[in-house]
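One file, work34.txt, is given below (compact mmCIF, N, CA and C atoms).
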# COMPACT_ATOMS: atom_id res chain seq x y z
N PRO V 1120 0.80 -1.21 0.00
CA PRO V 1120 0.00 0.00 0.00
C PRO V 1120 0.84 1.27 0.00
N ARG V 1121 1.92 1.32 0.80
CA ARG V 1121 2.74 2.53 0.85
C ARG V 1121 3.37 2.81 -0.50
N GLY V 1122 3.85 1.76 -1.16
CA GLY V 1122 4.49 1.94 -2.46
C GLY V 1122 3.54 2.48 -3.50
N ARG V 1123 2.33 1.98 -3.51
CA ARG V 1123 1.33 2.47 -4.48
C ARG V 1123 1.03 3.93 -4.23
N ALA V 1124 0.83 4.29 -2.98
CA ALA V 1124 0.53 5.69 -2.64
C ALA V 1124 1.68 6.59 -3.05
N ALA V 1125 2.91 6.17 -2.77
CA ALA V 1125 4.07 6.98 -3.12
C ALA V 1125 4.16 7.18 -4.63
N ARG V 1126 3.93 6.11 -5.39
CA ARG V 1126 3.98 6.23 -6.86
C ARG V 1126 2.91 7.19 -7.37
N ARG V 1127 1.71 7.11 -6.79
CA ARG V 1127 0.63 8.01 -7.22
C ARG V 1127 0.96 9.47 -6.91
N LEU V 1128 1.47 9.70 -5.72
CA LEU V 1128 1.83 11.06 -5.33
C LEU V 1128 2.95 11.60 -6.20
N LYS V 1129 3.94 10.77 -6.47
CA LYS V 1129 5.06 11.17 -7.32
C LYS V 1129 4.56 11.50 -8.72
N ALA V 1130 3.63 10.70 -9.23
CA ALA V 1130 3.08 10.94 -10.56
C ALA V 1130 2.35 12.27 -10.65
N ARG V 1131 1.85 12.75 -9.51
CA ARG V 1131 1.18 14.06 -9.47
C ARG V 1131 2.17 15.20 -9.25
N GLY V 1132 3.44 14.87 -9.21
CA GLY V 1132 4.46 15.89 -9.05
C GLY V 1132 4.77 16.27 -7.61
N LEU V 1133 4.27 15.48 -6.67
CA LEU V 1133 4.51 15.79 -5.26
C LEU V 1133 5.83 15.18 -4.80
N ARG V 1134 6.45 15.83 -3.85
CA ARG V 1134 7.71 15.36 -3.29
C ARG V 1134 7.42 14.34 -2.20
N ILE V 1135 8.25 13.29 -2.13
CA ILE V 1135 8.01 12.19 -1.21
C ILE V 1135 9.14 12.09 -0.19
N CYS V 1136 8.76 11.92 1.07
CA CYS V 1136 9.70 11.61 2.14
C CYS V 1136 9.22 10.33 2.80
N MET V 1137 10.01 9.28 2.68
CA MET V 1137 9.68 8.01 3.33
C MET V 1137 10.19 8.11 4.76
N THR V 1138 9.28 8.22 5.70
CA THR V 1138 9.65 8.48 7.08
C THR V 1138 9.51 7.24 7.95
N ALA V 1139 10.05 7.33 9.14
CA ALA V 1139 10.01 6.22 10.12
C ALA V 1139 10.63 4.95 9.54
N CYS V 1140 11.77 5.12 8.88
CA CYS V 1140 12.48 3.97 8.31
C CYS V 1140 13.57 3.55 9.29
N TYR V 1141 13.70 2.26 9.49
CA TYR V 1141 14.60 1.74 10.51
C TYR V 1141 15.64 0.76 10.00
N ALA V 1142 15.65 0.45 8.72
CA ALA V 1142 16.60 -0.54 8.19
C ALA V 1142 17.19 -0.05 6.87
N LYS V 1143 18.46 -0.35 6.66
CA LYS V 1143 19.17 0.15 5.49
C LYS V 1143 18.54 -0.29 4.17
N HIS V 1144 17.93 -1.48 4.15
CA HIS V 1144 17.34 -1.92 2.89
C HIS V 1144 16.15 -1.05 2.48
N GLN V 1145 15.57 -0.31 3.43
CA GLN V 1145 14.47 0.59 3.07
C GLN V 1145 14.95 1.74 2.19
N ALA V 1146 16.25 2.05 2.22
CA ALA V 1146 16.79 3.09 1.34
C ALA V 1146 16.67 2.68 -0.12
N VAL V 1147 16.83 1.39 -0.39
CA VAL V 1147 16.69 0.88 -1.75
C VAL V 1147 15.25 1.07 -2.22
N VAL V 1148 14.31 0.78 -1.34
CA VAL V 1148 12.88 0.95 -1.68
C VAL V 1148 12.58 2.42 -1.93
N ALA V 1149 13.06 3.30 -1.04
CA ALA V 1149 12.81 4.73 -1.20
C ALA V 1149 13.35 5.24 -2.53
N ALA V 1150 14.55 4.82 -2.88
CA ALA V 1150 15.13 5.24 -4.16
C ALA V 1150 14.32 4.69 -5.33
N GLY V 1151 13.92 3.44 -5.22
CA GLY V 1151 13.12 2.83 -6.29
C GLY V 1151 11.79 3.52 -6.52
N LEU V 1152 11.24 4.07 -5.46
CA LEU V 1152 9.98 4.80 -5.56
C LEU V 1152 10.17 6.26 -5.97
N GLY V 1153 11.43 6.67 -6.04
CA GLY V 1153 11.71 8.06 -6.42
C GLY V 1153 11.50 9.05 -5.30
N ALA V 1154 11.58 8.58 -4.05
CA ALA V 1154 11.42 9.48 -2.92
C ALA V 1154 12.56 10.50 -2.90
N GLU V 1155 12.23 11.73 -2.54
CA GLU V 1155 13.26 12.75 -2.41
C GLU V 1155 14.10 12.48 -1.16
N TYR V 1156 13.44 12.04 -0.09
CA TYR V 1156 14.12 11.75 1.16
C TYR V 1156 13.67 10.43 1.76
N ILE V 1157 14.59 9.82 2.51
CA ILE V 1157 14.26 8.76 3.45
C ILE V 1157 14.67 9.32 4.80
N ALA V 1158 13.79 9.20 5.79
CA ALA V 1158 14.04 9.81 7.10
C ALA V 1158 14.11 8.75 8.20
N PRO V 1159 15.32 8.24 8.45
CA PRO V 1159 15.49 7.30 9.56
C PRO V 1159 15.56 8.05 10.89
N TYR V 1160 15.05 7.43 11.93
CA TYR V 1160 15.07 8.02 13.28
C TYR V 1160 16.19 7.37 14.08
N LEU V 1161 17.36 7.98 14.07
CA LEU V 1161 18.54 7.38 14.67
C LEU V 1161 18.33 7.03 16.14
N GLY V 1162 17.80 7.94 16.93
CA GLY V 1162 17.60 7.69 18.35
C GLY V 1162 16.66 6.51 18.60
N ARG V 1163 15.59 6.46 17.86
CA ARG V 1163 14.64 5.35 18.03
C ARG V 1163 15.24 4.02 17.61
N MET V 1164 16.05 4.05 16.54
CA MET V 1164 16.71 2.82 16.09
C MET V 1164 17.62 2.30 17.19
N THR V 1165 18.34 3.22 17.81
CA THR V 1165 19.25 2.85 18.89
C THR V 1165 18.46 2.32 20.09
N ASP V 1166 17.32 2.96 20.39
CA ASP V 1166 16.47 2.50 21.49
C ASP V 1166 16.00 1.06 21.27
N LEU V 1167 15.85 0.67 20.02
CA LEU V 1167 15.42 -0.69 19.68
C LEU V 1167 16.55 -1.70 19.75
N GLY V 1168 17.75 -1.24 20.12
CA GLY V 1168 18.89 -2.14 20.26
C GLY V 1168 19.75 -2.24 19.02
N ASN V 1169 19.48 -1.41 18.03
CA ASN V 1169 20.27 -1.43 16.79
C ASN V 1169 21.34 -0.36 16.85
N ASP V 1170 22.32 -0.45 15.97
CA ASP V 1170 23.32 0.60 15.83
C ASP V 1170 22.75 1.62 14.85
N GLY V 1171 21.96 2.54 15.38
CA GLY V 1171 21.25 3.50 14.54
C GLY V 1171 22.17 4.32 13.66
N LYS V 1172 23.29 4.76 14.22
CA LYS V 1172 24.21 5.58 13.44
C LYS V 1172 24.78 4.78 12.27
N ALA V 1173 25.21 3.56 12.52
CA ALA V 1173 25.76 2.73 11.44
C ALA V 1173 24.70 2.46 10.37
N GLU V 1174 23.47 2.27 10.79
CA GLU V 1174 22.39 1.99 9.84
C GLU V 1174 22.14 3.22 8.94
N CYS V 1175 22.15 4.40 9.53
CA CYS V 1175 21.94 5.63 8.76
C CYS V 1175 23.08 5.85 7.77
N ILE V 1176 24.30 5.62 8.23
CA ILE V 1176 25.47 5.77 7.36
C ILE V 1176 25.42 4.75 6.23
N ALA V 1177 24.96 3.52 6.52
CA ALA V 1177 24.82 2.49 5.48
C ALA V 1177 23.75 2.89 4.46
N MET V 1178 22.68 3.53 4.92
CA MET V 1178 21.65 4.01 3.98
C MET V 1178 22.27 4.99 2.98
N GLN V 1179 23.08 5.92 3.49
CA GLN V 1179 23.71 6.89 2.61
C GLN V 1179 24.66 6.19 1.64
N ALA V 1180 25.42 5.22 2.14
CA ALA V 1180 26.37 4.50 1.28
C ALA V 1180 25.66 3.75 0.16
N VAL V 1181 24.55 3.10 0.46
CA VAL V 1181 23.85 2.35 -0.58
C VAL V 1181 23.25 3.31 -1.61
N LEU V 1182 22.74 4.45 -1.17
CA LEU V 1182 22.20 5.43 -2.12
C LEU V 1182 23.31 6.00 -2.99
N ASN V 1183 24.47 6.25 -2.38
CA ASN V 1183 25.62 6.72 -3.18
C ASN V 1183 25.99 5.67 -4.21
N GLY V 1184 26.03 4.41 -3.79
CA GLY V 1184 26.38 3.33 -4.70
C GLY V 1184 25.40 3.18 -5.85
N MET V 1185 24.15 3.47 -5.57
CA MET V 1185 23.11 3.39 -6.60
C MET V 1185 23.08 4.65 -7.47
N ARG V 1186 23.82 5.67 -7.06
CA ARG V 1186 23.77 6.99 -7.70
C ARG V 1186 22.33 7.53 -7.69
N ALA V 1187 21.66 7.24 -6.60
CA ALA V 1187 20.25 7.66 -6.46
C ALA V 1187 20.17 9.13 -6.08
N GLU V 1188 19.07 9.74 -6.45
CA GLU V 1188 18.83 11.13 -6.06
C GLU V 1188 18.22 11.23 -4.67
N THR V 1189 17.74 10.14 -4.13
CA THR V 1189 17.15 10.13 -2.79
C THR V 1189 18.21 10.52 -1.76
N ARG V 1190 17.83 11.39 -0.83
CA ARG V 1190 18.73 11.86 0.23
C ARG V 1190 18.31 11.25 1.56
N VAL V 1191 19.28 11.02 2.44
CA VAL V 1191 19.01 10.55 3.79
C VAL V 1191 18.88 11.77 4.68
N LEU V 1192 17.74 11.91 5.36
CA LEU V 1192 17.49 13.00 6.29
C LEU V 1192 17.36 12.38 7.68
N VAL V 1193 18.47 12.35 8.40
CA VAL V 1193 18.51 11.69 9.71
C VAL V 1193 17.79 12.55 10.74
N ALA V 1194 16.87 11.93 11.46
CA ALA V 1194 16.11 12.61 12.52
C ALA V 1194 16.36 11.89 13.85
N SER V 1195 15.81 12.42 14.90
CA SER V 1195 15.92 11.85 16.25
C SER V 1195 17.39 11.74 16.69
N LEU V 1196 18.14 12.79 16.36
CA LEU V 1196 19.53 12.88 16.81
C LEU V 1196 19.54 13.43 18.22
N ARG V 1197 20.37 12.86 19.06
CA ARG V 1197 20.36 13.25 20.47
C ARG V 1197 21.66 13.86 20.95
N ASN V 1198 22.70 13.83 20.11
CA ASN V 1198 23.96 14.43 20.54
C ASN V 1198 24.79 14.88 19.35
N VAL V 1199 25.72 15.77 19.63
CA VAL V 1199 26.56 16.37 18.60
C VAL V 1199 27.45 15.33 17.92
N GLY V 1200 27.92 14.35 18.68
CA GLY V 1200 28.78 13.33 18.09
C GLY V 1200 28.08 12.57 16.97
N ASP V 1201 26.84 12.15 17.22
CA ASP V 1201 26.09 11.45 16.17
C ASP V 1201 25.81 12.38 15.00
N LEU V 1202 25.46 13.64 15.28
CA LEU V 1202 25.20 14.61 14.22
C LEU V 1202 26.43 14.75 13.34
N PHE V 1203 27.58 14.95 13.95
CA PHE V 1203 28.82 15.11 13.18
C PHE V 1203 29.08 13.88 12.32
N ASP V 1204 28.94 12.70 12.89
CA ASP V 1204 29.25 11.47 12.15
C ASP V 1204 28.33 11.26 10.95
N VAL V 1205 27.04 11.52 11.10
CA VAL V 1205 26.14 11.30 9.96
C VAL V 1205 26.33 12.38 8.89
N LEU V 1206 26.61 13.61 9.32
CA LEU V 1206 26.88 14.66 8.33
C LEU V 1206 28.18 14.38 7.59
N ALA V 1207 29.19 13.89 8.29
CA ALA V 1207 30.47 13.55 7.65
C ALA V 1207 30.29 12.43 6.63
N ALA V 1208 29.28 11.59 6.83
CA ALA V 1208 29.00 10.50 5.89
C ALA V 1208 28.18 10.98 4.68
N GLY V 1209 27.77 12.24 4.70
CA GLY V 1209 27.07 12.81 3.55
C GLY V 1209 25.57 12.91 3.68
N THR V 1210 25.02 12.60 4.85
CA THR V 1210 23.56 12.70 5.02
C THR V 1210 23.17 14.15 5.30
N ASP V 1211 21.89 14.39 5.26
CA ASP V 1211 21.31 15.61 5.79
C ASP V 1211 20.80 15.26 7.18
N ALA V 1212 20.48 16.26 7.98
CA ALA V 1212 20.01 15.96 9.33
C ALA V 1212 19.10 17.07 9.84
N THR V 1213 18.24 16.69 10.74
CA THR V 1213 17.42 17.62 11.48
C THR V 1213 17.66 17.31 12.95
N PHE V 1214 17.68 18.36 13.79
CA PHE V 1214 18.01 18.10 15.18
C PHE V 1214 17.27 19.06 16.09
N SER V 1215 17.23 18.69 17.35
CA SER V 1215 16.46 19.42 18.36
C SER V 1215 17.21 20.65 18.86
N ALA V 1216 16.50 21.46 19.61
CA ALA V 1216 17.10 22.63 20.25
C ALA V 1216 18.19 22.20 21.23
N ASP V 1217 18.01 21.06 21.88
CA ASP V 1217 19.05 20.57 22.80
C ASP V 1217 20.36 20.30 22.07
N VAL V 1218 20.29 19.69 20.91
CA VAL V 1218 21.50 19.42 20.14
C VAL V 1218 22.08 20.74 19.63
N ALA V 1219 21.23 21.68 19.25
CA ALA V 1219 21.72 23.00 18.81
C ALA V 1219 22.49 23.68 19.95
N ARG V 1220 21.98 23.58 21.16
CA ARG V 1220 22.69 24.15 22.31
C ARG V 1220 24.04 23.48 22.50
N GLN V 1221 24.09 22.16 22.30
CA GLN V 1221 25.37 21.44 22.40
C GLN V 1221 26.36 21.96 21.36
N LEU V 1222 25.85 22.29 20.17
CA LEU V 1222 26.71 22.82 19.11
C LEU V 1222 27.30 24.18 19.50
N LEU V 1223 26.52 24.98 20.21
CA LEU V 1223 26.92 26.34 20.52
C LEU V 1223 27.81 26.46 21.75
N HIS V 1224 27.80 25.47 22.60
CA HIS V 1224 28.54 25.57 23.86
C HIS V 1224 29.69 24.58 23.90
N VAL V 1225 30.89 25.14 23.79
CA VAL V 1225 32.12 24.38 23.93
C VAL V 1225 32.87 25.04 25.07
N GLY V 1226 33.26 24.26 26.06
CA GLY V 1226 33.87 24.81 27.28
C GLY V 1226 34.96 25.82 27.02
N ALA V 1227 35.93 25.49 26.18
CA ALA V 1227 37.05 26.40 25.92
C ALA V 1227 36.58 27.67 25.24
N THR V 1228 35.63 27.56 24.33
CA THR V 1228 35.10 28.73 23.64
C THR V 1228 34.33 29.62 24.61
N ASP V 1229 33.51 29.00 25.46
CA ASP V 1229 32.77 29.77 26.47
C ASP V 1229 33.72 30.51 27.40
N ALA V 1230 34.79 29.84 27.82
CA ALA V 1230 35.77 30.48 28.71
C ALA V 1230 36.47 31.64 28.01
N ALA V 1231 36.85 31.44 26.75
CA ALA V 1231 37.50 32.52 26.00
C ALA V 1231 36.57 33.71 25.83
N ALA V 1232 35.30 33.44 25.57
CA ALA V 1232 34.32 34.53 25.41
C ALA V 1232 34.20 35.32 26.71
N ARG V 1233 34.18 34.61 27.85
CA ARG V 1233 34.13 35.30 29.14
C ARG V 1233 35.37 36.15 29.36
N ASP V 1234 36.54 35.63 28.99
CA ASP V 1234 37.78 36.39 29.13
C ASP V 1234 37.75 37.66 28.29
N PHE V 1235 37.25 37.54 27.05
CA PHE V 1235 37.16 38.71 26.18
C PHE V 1235 36.18 39.74 26.76
N GLU V 1236 35.05 39.26 27.24
CA GLU V 1236 34.06 40.18 27.83
C GLU V 1236 34.62 40.86 29.06
N ASP V 1237 35.35 40.11 29.92
CA ASP V 1237 35.96 40.71 31.09
C ASP V 1237 36.99 41.76 30.69
N ALA V 1238 37.81 41.44 29.69
CA ALA V 1238 38.82 42.40 29.24
C ALA V 1238 38.17 43.64 28.66
N ALA V 1239 37.07 43.46 27.91
CA ALA V 1239 36.39 44.60 27.30
C ALA V 1239 35.73 45.49 28.34
N SER V 1240 35.42 44.96 29.49
CA SER V 1240 34.73 45.76 30.51
C SER V 1240 35.72 46.55 31.38
N GLN V 1241 37.02 46.29 31.19
CA GLN V 1241 38.03 47.01 31.98
C GLN V 1241 38.25 48.41 31.40
N PRO V 1242 38.54 49.35 32.28
CA PRO V 1242 38.82 50.72 31.78
C PRO V 1242 40.06 50.70 30.89
N VAL V 1243 40.02 51.54 29.88
CA VAL V 1243 41.15 51.67 28.97
C VAL V 1243 42.21 52.54 29.65
N PRO V 1244 43.45 52.07 29.73
CA PRO V 1244 44.49 52.88 30.36
C PRO V 1244 44.70 54.18 29.59
N ALA V 1245 44.96 55.23 30.33
CA ALA V 1245 45.15 56.55 29.72
C ALA V 1245 46.52 56.71 29.16

As structure tokens - that is how I would like this structure written.
Amino acid sequence: PRGRAARRLKARGLRICMTACYAKHQAVVAAGLGAEYIAPYLGRMTDLGNDGKAECIAMQAVLNGMRAETRVLVASLRNVGDLFDVLAAGTDATFSADVARQLLHVGATDAAARDFEDAASQPVPA
């Protein structure tokens, strides 16, 4: 049923995102249907006892090997390390505000910013 619906929607010129995908072989199906995106949920895959990150990276590898136009849009990312790894493998990603905060706060950078602000607040010697 999903495949038929996707083909009909694609025939009408609509863009397709195959979502809630949990296995690398689903990338082959998404590409075969002409989906623009396949959206695996990395965190949920990991919760199920699978190596979610490896599965997402394998999806991208198989699509690259097929020279498919389908893109991997990794969702349910929970940390910067996973985000970096899937982006380095060539996927696209969507992430939460919590992960965005992790991206913005690096201890050494935060400390340097405080040092600059402290220095800027000091009176300028005459």

Next on the checklist: What's the separation between atom N of Val1199 (chain V) and CA of Asp1170 (chain V), in Å to one decimal place?
Outcome noted: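 According to the coordinates, atom N of Val1199 (chain V) and CA of Asp1170 (chain V) are separated by 15.8 Å.
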
Next on the checklist: I need the residues of chain V that end up classed as helix (DSSP H, G or I) by DSSP on the backbone, written out as a PyMOL selection string.
Outcome noted: chain V and resi 1121-1130+1144-1151+1161-1166+1171-1185+1199-1207+1216-1223+1226-1239

Checklist entry - Distance atom N of Thr1213 (chain V)-atom C of Thr1228 (chain V), one decimal place? => result 24.9 Å

Next on the checklist: Which residues are near region 1181-1186 of chain V? Cut-off 8 Å, all atoms listed in the file, ignore same chain within fewer than 6 positions. Put them as a VMD selection string.
Outcome noted: chain V and resid 1143 1146 to 1147 1150 1175

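Atom N of Arg1190 (chain V) is found 14.2 Å from atom C of Ala1139 (chain V).
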
Next on the checklist: Using only C-alpha atoms, which protein or nucleic acid residues come within 12 Å of region 1124-1134 of chain V? Drop anything in the same chain fewer than 5 positions from it, and give the result as an NGL selection string.
Outcome noted: :V and (1148-1157 or 1189)

The selected residues should be written to file as a tab-separated table (two decimals), in the coordinates of the input (atoms: N, CA and C atoms).
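Done, and the output landed in again-v5.tsv:
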chain	number	residue	atom	x	y	z
V	1148	VAL	N	14.31	0.78	-1.34
V	1148	VAL	CA	12.88	0.95	-1.68
V	1148	VAL	C	12.58	2.42	-1.93
V	1149	ALA	N	13.06	3.30	-1.04
V	1149	ALA	CA	12.81	4.73	-1.20
V	1149	ALA	C	13.35	5.24	-2.53
V	1150	ALA	N	14.55	4.82	-2.88
V	1150	ALA	CA	15.13	5.24	-4.16
V	1150	ALA	C	14.32	4.69	-5.33
V	1151	GLY	N	13.92	3.44	-5.22
V	1151	GLY	CA	13.12	2.83	-6.29
V	1151	GLY	C	11.79	3.52	-6.52
V	1152	LEU	N	11.24	4.07	-5.46
V	1152	LEU	CA	9.98	4.80	-5.56
V	1152	LEU	C	10.17	6.26	-5.97
V	1153	GLY	N	11.43	6.67	-6.04
V	1153	GLY	CA	11.71	8.06	-6.42
V	1153	GLY	C	11.50	9.05	-5.30
V	1154	ALA	N	11.58	8.58	-4.05
V	1154	ALA	CA	11.42	9.48	-2.92
V	1154	ALA	C	12.56	10.50	-2.90
V	1155	GLU	N	12.23	11.73	-2.54
V	1155	GLU	CA	13.26	12.75	-2.41
V	1155	GLU	C	14.10	12.48	-1.16
V	1156	TYR	N	13.44	12.04	-0.09
V	1156	TYR	CA	14.12	11.75	1.16
V	1156	TYR	C	13.67	10.43	1.76
V	1157	ILE	N	14.59	9.82	2.51
V	1157	ILE	CA	14.26	8.76	3.45
V	1157	ILE	C	14.67	9.32	4.80
V	1189	THR	N	17.74	10.14	-4.13
V	1189	THR	CA	17.15	10.13	-2.79
V	1189	THR	C	18.21	10.52	-1.76

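Distance check against Met1137 (chain V) using all atoms listed in the file: of V:Met1178, V:Met1164, V:Ala1158, V:Leu1222, the minimum falls on V:Ala1158.
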
Checklist entry - Between V:Ala1232, V:Ile1135, V:Ala1216, V:Leu1161, which one has atoms that come closest to Ala1194 (chain V), using only N, CA and C atoms? => result V:Leu1161

Next on the checklist: Going by DSSP on the backbone, which residues of chain V come out as strand (DSSP E or B)? List them as a VMD selection string.
Outcome noted: chain V and resid 1136 to 1140 1156 to 1160 1190 to 1196 1211 to 1214

Next on the checklist: Could you list, as a list in words, every residue within 10 Å of Gly1209 (chain V), counting only C-alpha atoms and ignoring same-chain residues fewer than 5 positions away?
Outcome noted: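 Once the adjacent positions are removed, what remains is Ile1176, Gln1179, Ala1180, Asn1183, Arg1190, Val1191, Leu1192 and Asp1204 of chain V.
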
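Taking only C-alpha atoms, the non-local environment of region 1219-1221 of chain V within 12 Å (same-chain residues fewer than 6 positions away omitted) comprises Leu1196, Arg1197, Asn1198, Val1199, Gly1200, Asp1201, Leu1202, Phe1203, Ala1212, Thr1213 and Asp1229 of chain V.
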